[in-house]
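Asks: Got a structure for you, questions after.
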Amino acid sequence: MLTLFAISLAVLVYIFIGYPLVLALLSGLLARPVRRRDITPEISLIISAYNEQDVIREKLENTLALDYPREKLEVIVASEAADGTNAIVRQYADRGIVLHAYENREGKAATLFRTVPRARGEIVVFSDANALYHRDALRKLVRNFADPHVGCVSGRLTYVNPNGTAIGQGETTYWEFEFLLKGMLSRMMKLSGGVNGSIFAIRKSLYLPVDRFRGDDFELSNRIQISGHGVILEPEALSFEEASATSRQEFRRKVRLATWNLQSTLILMREALSAGDVLTAFILFSHRFLRYTTPLWLGSLFVSNLFLREGVLAWLFALQVLFYLMAAAGFVLEKRRLPVKTLFLLPFYFCMVNGAALLALMKNCTRKTDILWEKAR
């Protein structure tokens, strides 16, 4: 039991403390500056949509107001919608919005696979229907492609939490930590942790189809990286999304994404090692694989500590129990729509994320993978 306890504790310390410190060191040693320059290549902005009639009009108006030469911007809505989304999009045909409507619901990856080859832009920007861009977001994204080594650029996702929901506060805190890690990865042009699916751009010539059972943006960006091109973060290219209103909604979304991305992580690690890209394989292992296995290490730490309750280990066990009790309190408060203070919010959100990861692991083990997308929010 002592060995299991020690291993579990060591892995968890590495995931949350050791890995960020290693990244800080590597990003200082392996930094590669990006040669940015203001350019205006032809862009195809592809908006993925599934039953988005409530938000698609605002998205199109936001897109048409972006600061980018209109003659160099192609806007495509790739839709598998069965509601009124397509009818709304058709109202914008005279303003240059192109609708690619597909009847069979095959999932986001399959929809993009059918749409990207039909795009005319040199640069393809991928967006979601519920993501609103800052006016200069496209210019900020594409200026990085002045550097011929750059193959993919991710913008920065910012969550808006107008209702002050607990789950929204937790999501905001999570993304602040993730943004810190991605900034260090970007300095090495190794954004293996993943691009933001609501705002990222690639050179069209580098597009590769992604299996519809896996994460499209995560796998596509890493494949571009493994092929030898730089993948970076542009922190000034801003995308805004409204945070999930409930923990149930956010939990389902995280299970879906973790299920897809876990499969992709294992495949990409093997491909990176085969290509001799040890750094990418290391980042994928540390940033994704170990993080998805966190609930297993948390469980083994708790169970082993249950049998090792002497001296300082007794205090550590008591702290674990207290942490999970605070998470349970946060869950109850959120369910009753009562204010959740930070003391309970962070344990609650942490446990929700790891509960989603555990369910994703189980789905992968039983091969119960859902390829179909849901509404963006």
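For the structure tokens, the naming scheme is as follows: chains receive sequential letters (A, B, ...) according to their order of presentation, residues are indexed from 1 within each chain, and ligands are indexed from 1 in presentation order.
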I need the residues of range 91-284 of chain A that end up classed as alpha helix (DSSP H) by DSSP on the backbone, written out as an MDAnalysis selection string.

Replies: chainID A and resid 108:115 137:142 166:187 216:226 247:274 278:283

Asks: Can you tell me which residues surround Ser48 in chain A at a distance of at most 7 Å, considering only C-alpha atoms, apart from same-chain residues fewer than 2 positions away, and format the answer as a list in words?

Replies: Ile46, Val77, Ala78, Ser79, Ser127, Asp128 and Ala129 of chain A

Asks: Could you pull the residues within 6 Å of Asn196 in chain A, counting only C-alpha atoms, minus those fewer than 2 positions along the same chain, as a PyMOL selection string?

Replies: chain A and resi 154+198-199

Asks: My list of candidates is A:Leu361, A:Ala356, A:Leu30, A:Leu191. Which is closest to Leu284 in chain A when distances are computed with only C-alpha atoms?

Replies: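 With only C-alpha atoms as the atom set, the closest residue is A:Leu191.
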
Asks: List the neighbours of Gly18 in chain A out to 12 Å using only C-alpha atoms; skip same-chain residues closer than 6 positions along the sequence, and give me the result as a PyMOL selection string.

Replies: chain A and resi 9-12+24-25+286-287

Asks: Write the selection just made, keeping N, CA and C atoms, as an mmCIF file, in the first residue's frame?

Replies:
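In the end it all went to again_30.cif:
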data_model
loop_
_atom_site.group_PDB
_atom_site.id
_atom_site.type_symbol
_atom_site.label_atom_id
_atom_site.label_comp_id
_atom_site.auth_asym_id
_atom_site.auth_seq_id
_atom_site.Cartn_x
_atom_site.Cartn_y
_atom_site.Cartn_z
ATOM 1 N N LEU A 9 0.847 9.696 -5.293
ATOM 2 C CA LEU A 9 1.150 11.062 -4.871
ATOM 3 C C LEU A 9 2.168 11.707 -5.806
ATOM 4 N N ALA A 10 3.180 10.937 -6.201
ATOM 5 C CA ALA A 10 4.222 11.474 -7.083
ATOM 6 C C ALA A 10 3.648 11.870 -8.439
ATOM 7 N N VAL A 11 2.772 11.031 -8.988
ATOM 8 C CA VAL A 11 2.177 11.334 -10.293
ATOM 9 C C VAL A 11 1.313 12.587 -10.208
ATOM 10 N N LEU A 12 0.511 12.700 -9.162
ATOM 11 C CA LEU A 12 -0.359 13.870 -9.009
ATOM 12 C C LEU A 12 0.449 15.156 -8.821
ATOM 13 N N ALA A 24 8.017 25.489 -18.048
ATOM 14 C CA ALA A 24 8.640 26.803 -17.888
ATOM 15 C C ALA A 24 10.115 26.742 -18.267
ATOM 16 N N LEU A 25 10.784 25.667 -17.871
ATOM 17 C CA LEU A 25 12.198 25.494 -18.203
ATOM 18 C C LEU A 25 12.389 25.284 -19.703
ATOM 19 N N SER A 286 2.157 14.200 -20.962
ATOM 20 C CA SER A 286 2.041 14.951 -19.710
ATOM 21 C C SER A 286 0.799 15.826 -19.659
ATOM 22 N N HIS A 287 0.520 16.503 -20.766
ATOM 23 C CA HIS A 287 -0.552 17.503 -20.781
ATOM 24 C C HIS A 287 -1.932 16.870 -20.946
#

Asks: Where in range 14-251 of chain A does DSSP assign strand (DSSP E), given as a VMD selection string?

Replies: chain A and resid 43 to 49 73 to 79 97 to 101 123 to 128 132 to 133 150 to 160 199 to 203 230 to 242

Asks: Would you write out, as JSON lines, a table of all residues in range 256-357 of chain A that have an atom no more than 8 Å from an atom of range 200-222 of chain A, listing for each the closest atom pair and the distance in Å to one decimal, considering only C-alpha atoms and ordering rows by chain and rising residue number?

Replies:
{"residue": "A:Leu257", "atom": "CA", "partner": "A:Gly215", "partner_atom": "CA", "distance": 6.9}
{"residue": "A:Thr259", "atom": "CA", "partner": "A:Arg214", "partner_atom": "CA", "distance": 7.8}
{"residue": "A:Trp260", "atom": "CA", "partner": "A:Arg214", "partner_atom": "CA", "distance": 4.3}
{"residue": "A:Asn261", "atom": "CA", "partner": "A:Gly215", "partner_atom": "CA", "distance": 5.1}
{"residue": "A:Gln263", "atom": "CA", "partner": "A:Arg214", "partner_atom": "CA", "distance": 6.4}
{"residue": "A:Ser264", "atom": "CA", "partner": "A:Arg214", "partner_atom": "CA", "distance": 5.9}
{"residue": "A:Thr265", "atom": "CA", "partner": "A:Glu219", "partner_atom": "CA", "distance": 7.9}
{"residue": "A:Leu268", "atom": "CA", "partner": "A:Asn222", "partner_atom": "CA", "distance": 7.3}

Asks: Quick one: residues within 9 Å of Thr293 in chain A, only C-alpha atoms counted, chain neighbours fewer than 6 positions away excluded, as a ChimeraX atom specification?

Replies: /A:354,357-358,361

Asks: Given only C-alpha atoms as the basis, pick out the residue of A:Arg248, A:Thr158, A:Leu306, A:Val89 nearest to Lys59 in chain A.

Replies: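 Smallest distance to Lys59 in chain A is found for A:Val89.
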
Asks: Just checking: using only C-alpha atoms, which residue out of A:Tyr174, A:Tyr14, A:Tyr68, A:Tyr50 ends up closest to Ala82 in chain A?

Replies: A:Tyr50

Asks: Find the residues around Leu29 in chain A up to 10 Å (only C-alpha atoms counted), leave out those fewer than 6 positions away in its own chain, and share them as an MDAnalysis selection string.

Replies: chainID A and resid 23 187:188

Asks: With C-alpha atoms retained, write the just-selected residues as an mmCIF file, in the first residue's frame.

Replies:
data_model
loop_
_atom_site.group_PDB
_atom_site.id
_atom_site.type_symbol
_atom_site.label_atom_id
_atom_site.label_comp_id
_atom_site.auth_asym_id
_atom_site.auth_seq_id
_atom_site.Cartn_x
_atom_site.Cartn_y
_atom_site.Cartn_z
ATOM 1 C CA LEU A 23 7.339 23.534 -19.296
ATOM 2 C CA ARG A 187 6.856 29.846 -27.241
ATOM 3 C CA MET A 188 8.252 26.530 -28.508
#

Asks: With only C-alpha atoms as the atoms that count, which of A:Gln249, A:Thr63, A:Thr111, A:Asn305 lies nearest to Val321 in chain A?

Replies: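 Among the listed residues, A:Asn305 lies closest to Val321 in chain A.
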
Asks: CA of Phe350 in chain A to CA of Met362 in chain A: how many Å, to one decimal?

Replies: 18.6 Å

Asks: So which residues touch Ile15 in chain A within 12 Å, counting only C-alpha atoms, skipping near sequence neighbours fewer than 4 positions away, as a count of residues only?

Replies: 24
